[in-house]
file entry_7.cif (mmCIF, C-alpha atoms and all ligand atoms)
data_my_file
loop_
_atom_site.label_atom_id
_atom_site.label_comp_id
_atom_site.auth_asym_id
_atom_site.auth_seq_id
_atom_site.Cartn_x
_atom_site.Cartn_y
_atom_site.Cartn_z
CA MET V 1 -38.66 -5.19 -97.91
CA GLN V 2 -41.73 -6.95 -99.21
CA ILE V 3 -43.74 -5.73 -102.20
CA GLU V 4 -46.81 -7.32 -103.67
CA PHE V 5 -47.86 -7.48 -107.30
CA PRO V 6 -51.47 -7.90 -108.42
CA LYS V 7 -52.75 -11.49 -108.41
CA ASN V 8 -53.23 -11.60 -112.18
CA PHE V 9 -49.84 -10.03 -113.01
CA THR V 10 -48.10 -12.03 -115.77
CA TRP V 11 -44.60 -13.36 -115.05
CA GLY V 12 -42.58 -14.60 -117.97
CA VAL V 13 -39.27 -15.04 -119.73
CA ALA V 14 -38.32 -14.19 -123.31
CA THR V 15 -36.19 -15.59 -126.14
CA ALA V 16 -36.00 -15.19 -129.92
CA ALA V 17 -35.73 -17.74 -132.73
CA ALA V 18 -32.39 -16.73 -134.24
CA GLN V 19 -30.81 -16.61 -130.81
CA ILE V 20 -31.78 -20.04 -129.50
CA GLU V 21 -33.05 -22.42 -132.19
CA GLY V 22 -29.91 -23.33 -134.13
CA ALA V 23 -30.61 -26.05 -136.75
CA ALA V 24 -29.95 -23.25 -139.19
CA PHE V 25 -29.77 -25.45 -142.24
CA GLU V 26 -31.95 -28.36 -141.18
CA ASP V 27 -35.39 -29.56 -142.16
CA GLY V 28 -35.78 -27.09 -144.98
CA ARG V 29 -35.06 -23.83 -143.14
CA GLY V 30 -33.82 -21.06 -145.46
CA ALA V 31 -30.99 -18.67 -144.55
CA SER V 32 -31.70 -15.42 -142.77
CA ILE V 33 -29.75 -12.16 -142.91
CA TRP V 34 -28.05 -13.13 -139.64
CA ASP V 35 -26.73 -16.34 -141.19
CA GLY V 36 -25.15 -14.23 -143.91
CA PHE V 37 -23.97 -11.34 -141.73
CA SER V 38 -22.33 -13.58 -139.15
CA ARG V 39 -20.14 -15.02 -141.88
CA LEU V 40 -18.64 -11.62 -142.72
CA PRO V 41 -15.23 -11.35 -141.10
CA GLY V 42 -15.11 -9.25 -137.93
CA LYS V 43 -18.84 -8.73 -137.57
CA ILE V 44 -19.48 -11.05 -134.61
CA ARG V 45 -17.26 -11.28 -131.56
CA ASN V 46 -14.93 -14.29 -131.69
CA GLY V 47 -16.31 -15.15 -135.13
CA ASN V 48 -19.27 -16.93 -133.49
CA LEU V 49 -22.05 -18.26 -135.73
CA PRO V 50 -25.73 -18.75 -134.85
CA ASP V 51 -25.84 -22.15 -136.60
CA ILE V 52 -26.31 -24.23 -133.45
CA ALA V 53 -26.94 -21.62 -130.75
CA CYS V 54 -28.79 -23.39 -127.90
CA ASP V 55 -30.14 -26.04 -130.28
CA SER V 56 -33.66 -25.35 -129.04
CA TYR V 57 -34.96 -26.78 -132.30
CA HIS V 58 -34.01 -30.20 -130.93
CA LEU V 59 -34.16 -29.43 -127.20
CA VAL V 60 -37.55 -27.79 -127.05
CA GLU V 61 -38.81 -30.24 -124.39
CA ARG V 62 -35.97 -29.27 -122.08
CA ASP V 63 -36.71 -25.58 -122.63
CA VAL V 64 -40.34 -26.07 -121.66
CA GLU V 65 -39.25 -28.08 -118.63
CA MET V 66 -37.19 -25.05 -117.57
CA LEU V 67 -40.22 -22.81 -117.97
CA LYS V 68 -42.05 -25.18 -115.64
CA GLU V 69 -39.19 -25.10 -113.15
CA LEU V 70 -39.40 -21.32 -113.09
CA GLY V 71 -43.18 -21.40 -112.84
CA VAL V 72 -43.77 -18.71 -115.48
CA ASP V 73 -47.27 -17.87 -116.67
CA SER V 74 -46.18 -16.95 -120.17
CA TYR V 75 -43.32 -17.63 -122.59
CA ARG V 76 -42.29 -14.98 -125.09
CA PHE V 77 -40.57 -16.36 -128.21
CA SER V 78 -40.42 -15.50 -131.90
CA PHE V 79 -41.17 -17.31 -135.13
CA SER V 80 -38.41 -17.67 -137.68
CA TRP V 81 -39.70 -16.41 -141.02
CA SER V 82 -37.14 -18.44 -142.98
CA ARG V 83 -38.00 -21.64 -141.10
CA ILE V 84 -41.63 -21.20 -142.09
CA ILE V 85 -41.21 -19.76 -145.59
CA PRO V 86 -37.59 -20.50 -146.53
CA GLU V 87 -37.40 -18.02 -149.40
CA GLY V 88 -39.52 -15.42 -147.63
CA THR V 89 -42.41 -15.82 -150.08
CA GLY V 90 -43.94 -18.86 -151.75
CA LYS V 91 -43.47 -22.40 -150.53
CA ILE V 92 -44.30 -23.14 -146.91
CA ASN V 93 -42.00 -25.46 -144.95
CA GLU V 94 -44.27 -27.95 -143.17
CA LYS V 95 -41.45 -29.08 -140.88
CA GLY V 96 -41.07 -25.51 -139.66
CA ILE V 97 -44.80 -25.31 -138.94
CA ALA V 98 -44.59 -28.66 -137.12
CA TYR V 99 -41.80 -27.35 -134.86
CA TYR V 100 -43.87 -24.40 -133.65
CA LYS V 101 -47.01 -26.56 -133.32
CA LYS V 102 -45.01 -28.81 -131.03
CA LEU V 103 -43.76 -25.88 -128.95
CA LEU V 104 -47.29 -24.46 -128.63
CA ALA V 105 -48.70 -27.87 -127.68
CA LEU V 106 -46.05 -28.30 -124.98
CA LEU V 107 -46.82 -24.85 -123.61
CA LYS V 108 -50.53 -25.62 -123.54
CA GLU V 109 -50.00 -28.98 -121.82
CA ASN V 110 -48.05 -27.18 -119.12
CA GLY V 111 -50.49 -24.32 -118.71
CA ILE V 112 -48.08 -21.68 -120.05
CA ARG V 113 -49.48 -18.95 -122.29
CA ALA V 114 -47.72 -18.04 -125.53
CA ASN V 115 -46.55 -14.52 -126.35
CA ALA V 116 -45.13 -14.69 -129.88
CA THR V 117 -43.35 -12.17 -132.06
CA MET V 118 -43.68 -12.40 -135.81
CA TYR V 119 -40.39 -10.68 -136.58
CA HIS V 120 -37.38 -10.54 -134.29
CA TRP V 121 -34.64 -9.32 -136.70
CA ASP V 122 -34.15 -12.41 -138.92
CA LEU V 123 -35.34 -11.46 -142.38
CA PRO V 124 -35.06 -14.28 -144.95
CA TYR V 125 -31.82 -13.74 -146.85
CA ALA V 126 -33.61 -14.15 -150.17
CA LEU V 127 -35.72 -11.08 -149.40
CA GLN V 128 -32.69 -9.00 -148.50
CA MET V 129 -31.40 -9.80 -151.97
CA LYS V 130 -34.50 -8.05 -153.29
CA GLY V 131 -33.86 -4.94 -151.20
CA GLY V 132 -35.25 -6.15 -147.88
CA PHE V 133 -37.19 -3.55 -145.93
CA GLY V 134 -36.01 -0.88 -148.36
CA ASN V 135 -38.34 -2.31 -151.02
CA ARG V 136 -41.99 -1.32 -150.53
CA GLU V 137 -42.97 -4.80 -151.71
CA VAL V 138 -41.89 -5.97 -148.26
CA ILE V 139 -45.40 -5.05 -147.11
CA ASP V 140 -46.85 -7.80 -149.32
CA TRP V 141 -44.12 -10.24 -148.33
CA PHE V 142 -44.74 -9.58 -144.66
CA CYS V 143 -48.51 -9.86 -145.04
CA GLY V 144 -48.05 -13.23 -146.76
CA TYR V 145 -45.96 -14.43 -143.82
CA ALA V 146 -48.32 -12.98 -141.21
CA THR V 147 -51.26 -14.70 -142.93
CA VAL V 148 -49.53 -18.08 -142.66
CA LEU V 149 -48.78 -17.46 -138.97
CA LEU V 150 -52.29 -16.32 -138.12
CA ASP V 151 -53.91 -19.16 -140.08
CA CYS V 152 -51.67 -21.85 -138.57
CA PHE V 153 -51.31 -20.73 -134.97
CA GLY V 154 -54.13 -18.19 -134.45
CA GLU V 155 -55.57 -18.41 -130.99
CA ASP V 156 -52.93 -20.81 -129.70
CA VAL V 157 -50.96 -17.60 -129.29
CA ASP V 158 -52.36 -15.52 -126.49
CA MET V 159 -50.40 -12.37 -127.35
CA TRP V 160 -49.11 -11.56 -130.83
CA ALA V 161 -46.44 -8.91 -131.40
CA THR V 162 -45.77 -7.84 -134.97
CA PHE V 163 -42.20 -6.64 -134.44
CA ASN V 164 -39.56 -6.70 -131.77
CA GLU V 165 -37.43 -3.56 -131.46
CA PRO V 166 -37.65 -2.03 -134.94
CA ILE V 167 -34.52 -0.02 -134.11
CA ALA V 168 -32.47 -3.13 -134.99
CA THR V 169 -33.33 -2.45 -138.62
CA TYR V 170 -31.90 1.07 -138.27
CA VAL V 171 -28.72 -0.38 -136.75
CA GLY V 172 -28.53 -2.94 -139.55
CA TYR V 173 -29.27 -0.58 -142.44
CA ALA V 174 -27.71 2.71 -141.28
CA GLN V 175 -24.92 1.80 -138.90
CA GLY V 176 -23.76 -1.61 -140.09
CA PHE V 177 -23.40 -3.22 -136.66
CA PHE V 178 -26.33 -5.60 -137.18
CA ALA V 179 -27.49 -7.65 -140.16
CA PRO V 180 -27.56 -7.00 -143.03
CA GLY V 181 -24.59 -4.70 -142.32
CA LEU V 182 -25.49 -1.72 -144.54
CA ARG V 183 -24.38 1.84 -143.81
CA ASP V 184 -26.88 3.95 -145.68
CA GLU V 185 -28.99 6.18 -143.51
CA LYS V 186 -31.34 7.35 -146.26
CA TYR V 187 -32.09 3.76 -147.20
CA ALA V 188 -32.53 2.91 -143.52
CA ARG V 189 -35.11 5.68 -143.08
CA GLN V 190 -37.07 4.32 -146.04
CA ALA V 191 -36.78 0.79 -144.65
CA LEU V 192 -38.15 1.85 -141.27
CA HIS V 193 -41.11 3.55 -142.90
CA HIS V 194 -41.90 0.30 -144.72
CA LEU V 195 -41.42 -1.71 -141.54
CA LEU V 196 -44.00 0.43 -139.77
CA LEU V 197 -46.39 -0.17 -142.66
CA CYS V 198 -45.79 -3.93 -142.37
CA HIS V 199 -46.79 -3.64 -138.73
CA GLY V 200 -49.98 -1.72 -139.52
CA GLU V 201 -51.06 -4.07 -142.30
CA ALA V 202 -50.41 -7.12 -140.10
CA VAL V 203 -52.59 -5.65 -137.35
CA LYS V 204 -55.37 -5.17 -139.92
CA LEU V 205 -55.02 -8.81 -141.01
CA PHE V 206 -55.18 -9.91 -137.40
CA ARG V 207 -58.42 -7.97 -136.87
CA LYS V 208 -60.01 -9.73 -139.85
CA HIS V 209 -59.58 -13.05 -138.04
CA ARG V 210 -61.87 -11.86 -135.23
CA PHE V 211 -60.07 -13.99 -132.64
CA GLU V 212 -61.85 -13.94 -129.33
CA ASN V 213 -58.96 -14.62 -127.03
CA SER V 214 -55.80 -13.35 -128.73
CA LYS V 215 -54.42 -9.83 -128.56
CA ILE V 216 -52.02 -7.92 -130.79
CA GLY V 217 -49.38 -5.28 -130.12
CA ILE V 218 -45.82 -4.26 -130.89
CA VAL V 219 -42.61 -4.28 -128.86
CA VAL V 220 -40.51 -1.11 -128.91
CA ASP V 221 -37.46 -0.77 -126.68
CA VAL V 222 -36.90 2.53 -124.92
CA TRP V 223 -33.38 3.50 -123.90
CA LYS V 224 -34.11 7.01 -122.74
CA HIS V 225 -31.23 9.46 -122.90
CA TYR V 226 -30.86 12.17 -120.26
CA PRO V 227 -28.40 15.07 -120.20
CA ALA V 228 -25.53 14.13 -117.87
CA ARG V 229 -25.32 17.81 -116.83
CA GLU V 230 -28.80 19.25 -116.58
CA ASP V 231 -27.61 22.81 -117.17
CA ASN V 232 -25.41 21.98 -120.16
CA ASP V 233 -27.02 22.86 -123.50
CA GLU V 234 -24.86 20.50 -125.52
CA ASP V 235 -25.75 17.55 -123.27
CA LYS V 236 -29.43 18.49 -123.49
CA ALA V 237 -29.38 18.73 -127.28
CA MET V 238 -27.53 15.44 -127.57
CA ALA V 239 -29.98 13.57 -125.35
CA MET V 240 -32.94 15.04 -127.21
CA GLU V 241 -31.54 14.04 -130.62
CA ASN V 242 -30.70 10.55 -129.41
CA ASN V 243 -34.27 10.11 -128.24
CA GLU V 244 -36.15 11.74 -131.11
CA ILE V 245 -33.98 11.19 -134.18
CA ARG V 246 -32.11 7.97 -133.49
CA GLY V 247 -34.16 6.45 -130.67
CA TYR V 248 -37.68 5.58 -129.58
CA GLY V 249 -39.18 8.77 -131.10
CA MET V 250 -38.69 7.29 -134.59
CA PHE V 251 -41.33 4.68 -133.74
CA LEU V 252 -43.52 5.87 -130.89
CA HIS V 253 -44.51 9.09 -132.65
CA PRO V 254 -45.81 7.43 -135.84
CA LEU V 255 -47.29 4.43 -134.00
CA PHE V 256 -49.20 6.33 -131.35
CA LEU V 257 -49.48 9.91 -132.58
CA GLY V 258 -49.84 9.20 -136.29
CA GLY V 259 -46.90 10.94 -138.02
CA TYR V 260 -43.23 11.77 -137.65
CA SER V 261 -42.35 14.39 -135.04
CA LYS V 262 -41.49 17.91 -136.16
CA MET V 263 -37.90 17.35 -135.06
CA LEU V 264 -37.57 14.17 -137.12
CA THR V 265 -39.32 15.73 -140.11
CA ASP V 266 -36.93 18.70 -140.04
CA TYR V 267 -34.00 16.32 -139.73
CA PHE V 268 -35.21 14.33 -142.75
CA GLU V 269 -35.56 17.51 -144.79
CA SER V 270 -32.25 19.05 -143.88
CA ASN V 271 -30.45 15.78 -144.59
CA ARG V 272 -32.43 15.00 -147.76
CA MET V 273 -33.63 11.70 -146.45
CA THR V 274 -37.39 12.08 -146.19
CA PRO V 275 -38.77 8.61 -146.93
CA LEU V 276 -41.12 8.20 -149.88
CA MET V 277 -44.61 7.98 -148.47
CA GLN V 278 -48.08 7.46 -149.87
CA GLU V 279 -51.38 8.97 -148.85
CA GLY V 280 -52.89 7.06 -145.97
CA ASP V 281 -49.58 5.60 -144.75
CA PHE V 282 -49.96 7.04 -141.27
CA ASP V 283 -53.54 5.76 -140.96
CA THR V 284 -52.14 2.31 -141.64
CA ILE V 285 -49.24 2.69 -139.23
CA CYS V 286 -51.23 4.16 -136.36
CA GLN V 287 -53.53 1.17 -135.71
CA PRO V 288 -55.35 0.73 -132.41
CA LEU V 289 -53.44 -1.91 -130.44
CA ASP V 290 -54.36 -4.21 -127.56
CA PHE V 291 -51.07 -3.88 -125.70
CA TYR V 292 -47.69 -2.22 -125.87
CA GLY V 293 -44.54 -4.22 -125.15
CA LEU V 294 -41.78 -2.21 -123.53
CA ASN V 295 -38.25 -3.59 -123.59
CA PHE V 296 -36.46 -1.74 -120.84
CA TYR V 297 -32.79 -2.18 -120.04
CA ASN V 298 -31.43 1.13 -118.85
CA GLY V 299 -31.49 4.92 -118.84
CA LEU V 300 -28.48 6.56 -120.51
CA TYR V 301 -26.73 9.80 -119.56
CA ASP V 302 -25.13 11.86 -122.35
CA ASN V 303 -22.09 13.95 -121.65
CA ALA V 304 -20.99 15.72 -124.84
CA ASP V 305 -17.37 16.06 -123.67
CA ASN V 306 -17.08 12.33 -122.98
CA VAL V 307 -18.67 11.46 -126.31
CA ARG V 308 -16.05 13.59 -128.11
CA GLU V 309 -13.24 11.77 -126.25
CA ILE V 310 -14.70 8.35 -127.08
CA GLU V 311 -15.02 9.33 -130.75
CA LYS V 312 -11.34 10.34 -130.75
CA ILE V 313 -10.32 6.96 -129.27
CA ARG V 314 -12.43 5.08 -131.79
CA LYS V 315 -11.22 7.18 -134.76
CA SER V 316 -7.61 6.49 -133.85
CA GLY V 317 -8.38 2.76 -133.97
CA GLY V 318 -8.72 2.30 -130.20
CA ASN V 319 -11.34 -0.02 -128.75
CA TYR V 320 -13.66 1.72 -126.32
CA GLN V 321 -16.15 -0.61 -124.65
CA ASP V 322 -19.05 1.20 -123.08
CA ARG V 323 -20.20 -0.14 -119.71
CA PRO V 324 -22.87 2.29 -118.59
CA GLU V 325 -24.03 2.37 -114.98
CA ASN V 326 -27.40 0.83 -114.16
CA HIS V 327 -30.33 3.20 -113.90
CA PRO V 328 -33.35 1.09 -112.92
CA GLU V 329 -35.16 4.22 -111.76
CA ALA V 330 -35.48 5.30 -115.40
CA LEU V 331 -38.19 2.66 -115.81
CA LYS V 332 -40.80 4.66 -113.94
CA ASP V 333 -39.96 7.80 -115.89
CA VAL V 334 -40.16 5.91 -119.20
CA LEU V 335 -43.54 4.46 -118.28
CA ARG V 336 -44.85 7.87 -117.35
CA MET V 337 -43.55 9.28 -120.63
CA LEU V 338 -45.36 6.56 -122.60
CA VAL V 339 -48.63 7.58 -121.03
CA GLU V 340 -48.18 11.34 -120.96
CA LYS V 341 -46.28 12.06 -124.16
CA TYR V 342 -47.36 9.23 -126.45
CA HIS V 343 -50.82 8.63 -124.95
CA VAL V 344 -50.23 4.90 -124.63
CA ASN V 345 -53.44 4.16 -122.79
CA ILE V 346 -53.51 0.42 -123.38
CA PRO V 347 -52.07 -2.28 -121.10
CA ILE V 348 -48.28 -2.26 -121.03
CA TYR V 349 -46.09 -5.32 -120.58
CA ILE V 350 -42.38 -5.18 -119.83
CA THR V 351 -41.56 -7.65 -122.58
CA GLU V 352 -37.81 -7.69 -121.85
CA ASN V 353 -35.50 -6.70 -119.06
CA GLY V 354 -32.27 -8.26 -117.91
CA MET V 355 -28.56 -7.92 -117.53
CA PRO V 356 -25.59 -9.49 -119.30
CA PHE V 357 -22.59 -11.18 -117.74
CA GLU V 358 -19.39 -11.76 -119.68
CA ASP V 359 -18.55 -15.30 -120.70
CA ALA V 360 -14.93 -14.36 -119.95
CA ASP V 361 -15.80 -14.04 -116.25
CA GLY V 362 -16.00 -17.84 -116.17
CA LYS V 363 -18.68 -20.40 -115.37
CA GLU V 364 -18.55 -20.05 -111.58
CA ALA V 365 -19.07 -16.29 -111.65
CA ASN V 366 -21.83 -16.73 -114.21
CA LEU V 367 -23.69 -19.23 -112.05
CA ASP V 368 -23.40 -17.06 -108.95
CA ASP V 369 -25.07 -14.06 -110.62
CA GLN V 370 -25.90 -11.96 -107.56
CA ALA V 371 -25.46 -8.73 -109.52
CA ARG V 372 -28.23 -9.79 -111.91
CA ILE V 373 -30.54 -10.54 -108.99
CA ARG V 374 -29.81 -7.13 -107.45
CA TYR V 375 -30.49 -5.35 -110.72
CA VAL V 376 -33.73 -7.16 -111.52
CA LYS V 377 -34.91 -6.64 -107.97
CA ASP V 378 -34.31 -2.88 -108.34
CA VAL V 379 -36.21 -2.83 -111.63
CA LEU V 380 -39.13 -4.65 -110.01
CA ILE V 381 -39.18 -2.12 -107.17
CA TRP V 382 -39.43 0.76 -109.68
CA LEU V 383 -42.04 -1.14 -111.64
CA HIS V 384 -44.05 -1.53 -108.49
CA LYS V 385 -43.83 2.21 -107.83
CA ALA V 386 -45.21 2.80 -111.33
CA LEU V 387 -48.11 0.44 -110.58
CA GLU V 388 -48.81 2.39 -107.41
CA GLU V 389 -48.98 5.56 -109.51
CA GLY V 390 -51.71 3.89 -111.53
CA ILE V 391 -49.74 2.99 -114.67
CA ASP V 392 -51.33 -0.07 -116.23
CA VAL V 393 -48.46 -2.57 -116.41
CA LYS V 394 -49.78 -6.10 -116.69
CA GLY V 395 -46.66 -8.23 -116.81
CA TYR V 396 -42.91 -8.64 -116.76
CA TYR V 397 -40.70 -10.89 -118.92
CA LEU V 398 -37.09 -11.46 -118.02
CA TRP V 399 -34.55 -11.61 -120.83
CA SER V 400 -33.65 -14.37 -121.12
CA LEU V 401 -34.60 -17.96 -120.33
CA LEU V 402 -31.09 -19.13 -121.17
CA ASP V 403 -27.77 -17.74 -122.42
CA ASN V 404 -27.98 -17.47 -126.18
CA PHE V 405 -26.58 -15.95 -129.37
CA GLU V 406 -26.32 -12.28 -128.44
CA TRP V 407 -26.12 -10.90 -132.01
CA SER V 408 -22.84 -9.01 -132.63
CA ALA V 409 -21.58 -10.07 -129.20
CA GLY V 410 -21.93 -13.73 -130.21
CA TYR V 411 -21.77 -16.05 -127.21
CA ALA V 412 -19.59 -13.66 -125.19
CA ALA V 413 -22.51 -11.92 -123.47
CA ARG V 414 -24.67 -14.15 -121.28
CA TYR V 415 -28.17 -12.97 -120.35
CA GLY V 416 -29.74 -16.24 -119.26
CA LEU V 417 -31.37 -17.44 -116.07
CA TYR V 418 -29.94 -20.77 -117.18
CA TYR V 419 -26.29 -21.15 -118.09
CA THR V 420 -25.84 -22.68 -121.53
CA ASP V 421 -22.83 -24.94 -121.88
CA TYR V 422 -22.30 -24.51 -125.61
CA ALA V 423 -20.15 -27.65 -125.88
CA SER V 424 -22.60 -30.10 -124.30
CA LEU V 425 -25.74 -27.92 -124.72
CA GLU V 426 -26.57 -28.63 -121.10
CA ARG V 427 -28.61 -25.92 -119.37
CA ILE V 428 -27.74 -25.24 -115.71
CA PRO V 429 -29.86 -23.02 -113.46
CA LYS V 430 -28.06 -19.94 -112.15
CA MET V 431 -28.74 -18.36 -108.75
CA SER V 432 -31.05 -15.95 -110.56
CA ALA V 433 -33.22 -18.82 -111.87
CA LYS V 434 -33.86 -20.02 -108.33
CA TRP V 435 -34.47 -16.47 -107.14
CA TYR V 436 -36.87 -15.64 -110.01
CA ALA V 437 -38.85 -18.85 -109.39
CA GLN V 438 -39.25 -17.75 -105.80
CA VAL V 439 -40.38 -14.26 -106.81
CA ILE V 440 -43.01 -15.79 -109.09
CA ARG V 441 -44.20 -18.17 -106.36
O1 LIG A 1 -30.76 -10.15 -127.04
C1 LIG A 1 -31.44 -8.96 -127.22
C2 LIG A 1 -32.81 -9.21 -127.80
O2 LIG A 1 -32.77 -9.91 -128.97
C3 LIG A 1 -33.49 -7.89 -128.06
N1 LIG A 1 -33.46 -7.04 -126.92
C4 LIG A 1 -32.21 -6.86 -126.23
C5 LIG A 1 -31.60 -8.22 -125.92
C6 LIG A 1 -30.28 -8.04 -125.15
O3 LIG A 1 -29.38 -7.30 -125.90
#

call {"tool": "encode", "arguments": {"input": "entry_7.cif", "output": "structure tokens"}}
result
Amino acid sequence: MQIEFPKNFTWGVATAAAQIEGAAFEDGRGASIWDGFSRLPGKIRNGNLPDIACDSYHLVERDVEMLKELGVDSYRFSFSWSRIIPEGTGKINEKGIAYYKKLLALLKENGIRANATMYHWDLPYALQMKGGFGNREVIDWFCGYATVLLDCFGEDVDMWATFNEPIATYVGYAQGFFAPGLRDEKYARQALHHLLLCHGEAVKLFRKHRFENSKIGIVVDVWKHYPAREDNDEDKAMAMENNEIRGYGMFLHPLFLGGYSKMLTDYFESNRMTPLMQEGDFDTICQPLDFYGLNFYNGLYDNADNVREIEKIRKSGGNYQDRPENHPEALKDVLRMLVEKYHVNIPIYITENGMPFEDADGKEANLDDQARIRYVKDVLIWLHKALEEGIDVKGYYLWSLLDNFEWSAGYAARYGLYYTDYASLERIPKMSAKWYAQVIR
């Protein structure tokens, strides 16, 4: 089967600072919440730390060489706030600026466009000590950081994203599985409201620069839940709540429709967790954007009976590892929902998609990653169907360039097109790297 994508379709790969850079305490970088969280016992699988990761801080040339080998048009990466402003506010770390200048220069030399995220989960630790996103002052802190980024790197970045997957802050503030490891839902709701305001204010700052060639957007992941049994009311209610109250609805509604949904508002009220808001907040949050970045991994099917069983296992101390089936077809439905329900009528980029392998499966199995190729191929087929329906998707970024620090899963989950040997830091192309290069060609 042969399918063709438009000539100007963007092909890319994605990474994030805290997951690949390492050099956590070098050249003036300050600590981030992930440096702190990963040191708490039991938080990261196998006690892994992000201190060295893929050492991309020192091996940036090799990373760009890999981008060339793949033939990508664009590289999506993120800036590390605490490498640029170690304490979050105040003194700028010139060595941090120099590192990103070097990366951007290498990309330019090799004709690769830059797609950069301002915030991919790694808040400076010093700011968490002042309340982090729960403190409304975070809007000023974030604007200070965004100003430095825009002044220093401006139009060298083709596409700016303010935030990657704001839901990580919910997981980190309400559920405790991510940094900073809090379990306070009311505080989390307040934090998310502030985060959305940071986004809106950063977009306004960007507009003041009047760049001619750069664009700005946000990246929100959508893991759409569906009822496992279409005629089961409990399954239906569960899927709806997972989407609206604890999923993409928390962000897409305020960002694109200018307020919280009725369902979320009622939930806030009945649980006494309505965030403190000020007049005009939603005008700030709901800024016109140039693109929307969709991170798509899977569609999820909720079966209330199974969920009850899993809860029982977990409550009795058992370890239940979820390995959901792949549902690449959900991509087309999600894209249609973005347009129809949230009126996203700006270009859409798939800013992440990929599939993990387990480190425990061994190096050979990881290099021969046929299952990843099959999955990505299926996703691309559904993406193509969406294009045929007229949905304006302009590009696709595979997560990830190389195996890296996969947050709470540490180095146990491998998402890369390149295998990272964490002992030697050598990067070895997997089958999928060769396949993806061919797709791009
Ligand atoms: O590794 C993450 C990335 O940081 C954000 N999106 C999902 C990826 C895979 O879990």

call {"tool": "residues_near_ligand", "arguments": {"input": "entry_7.cif", "ligand": "ligand LIG 1 (chain A)", "cutoff": "7 Å", "atoms": "only C-alpha atoms and all ligand atoms", "output": "MDAnalysis selection string"}}
result
chainID V and resid 16 165 295 352 399 406:407

call {"tool": "closest_residue", "arguments": {"input": "entry_7.cif", "among": "V:Tyr342, V:Tyr375, V:Phe357, V:Tyr100", "to": "Tyr297 of chain V", "atoms": "only C-alpha atoms"}}
result
V:Tyr375

call {"tool": "atom_distance", "arguments": {"input": "entry_7.cif", "atom1": "atom CA of Thr284 of chain V", "atom2": "atom CA of Gly395 of chain V"}}
result
27.5 Å

call {"tool": "axis_aligned_box", "arguments": {"input": "entry_7.cif", "around": "segment 7-21 of chain V", "padding_each_side": "6 Å", "output": "lines of an AutoDock Vina configuration file"}}
result
center_x = -42.0
center_y = -16.2
center_z = -121.3
size_x = 34.4
size_y = 24.4
size_z = 37.8

call {"tool": "residues_around", "arguments": {"input": "entry_7.cif", "residues": "Thr169 of chain V", "least_positions_apart": "4", "cutoff": "12 Å", "atoms": "all atoms listed in the file", "output": "number ranges by chain"}}
result
V: 33-34, 119-123, 128, 132-134, 163-165, 173-185, 187-196, 246-247, 250-251

call {"tool": "atom_distance", "arguments": {"input": "entry_7.cif", "atom1": "atom CA of Glu340 of chain V", "atom2": "atom CA of Trp223 of chain V"}}
result
17.0 Å

call {"tool": "build_atoms", "arguments": {"input": "entry_7.cif", "residues": "segment 98-105 of chain V", "atoms": "N, CA, C and O atoms", "output": "JSON list (two decimals), keeping the file's coordinate frame"}}
result
[["chain", "number", "residue", "atom", "x", "y", "z"],
["V", 98, "ALA", "N", -44.47, -27.57, -138.11],
["V", 98, "ALA", "CA", -44.59, -28.66, -137.12],
["V", 98, "ALA", "C", -43.80, -28.32, -135.85],
["V", 98, "ALA", "O", -44.23, -28.61, -134.74],
["V", 99, "TYR", "N", -42.63, -27.70, -136.03],
["V", 99, "TYR", "CA", -41.80, -27.35, -134.86],
["V", 99, "TYR", "C", -42.55, -26.40, -133.93],
["V", 99, "TYR", "O", -42.63, -26.60, -132.71],
["V", 100, "TYR", "N", -43.17, -25.37, -134.50],
["V", 100, "TYR", "CA", -43.87, -24.40, -133.65],
["V", 100, "TYR", "C", -45.18, -24.98, -133.08],
["V", 100, "TYR", "O", -45.60, -24.63, -131.99],
["V", 101, "LYS", "N", -45.79, -25.90, -133.85],
["V", 101, "LYS", "CA", -47.01, -26.56, -133.32],
["V", 101, "LYS", "C", -46.63, -27.35, -132.07],
["V", 101, "LYS", "O", -47.36, -27.38, -131.09],
["V", 102, "LYS", "N", -45.47, -28.00, -132.16],
["V", 102, "LYS", "CA", -45.01, -28.81, -131.03],
["V", 102, "LYS", "C", -44.73, -27.91, -129.82],
["V", 102, "LYS", "O", -45.16, -28.20, -128.70],
["V", 103, "LEU", "N", -44.05, -26.81, -130.06],
["V", 103, "LEU", "CA", -43.76, -25.88, -128.95],
["V", 103, "LEU", "C", -45.07, -25.39, -128.32],
["V", 103, "LEU", "O", -45.24, -25.41, -127.10],
["V", 104, "LEU", "N", -46.02, -24.99, -129.17],
["V", 104, "LEU", "CA", -47.29, -24.46, -128.63],
["V", 104, "LEU", "C", -48.06, -25.55, -127.87],
["V", 104, "LEU", "O", -48.68, -25.26, -126.84],
["V", 105, "ALA", "N", -47.99, -26.78, -128.37],
["V", 105, "ALA", "CA", -48.70, -27.87, -127.68],
["V", 105, "ALA", "C", -48.07, -28.11, -126.32],
["V", 105, "ALA", "O", -48.77, -28.30, -125.31]]
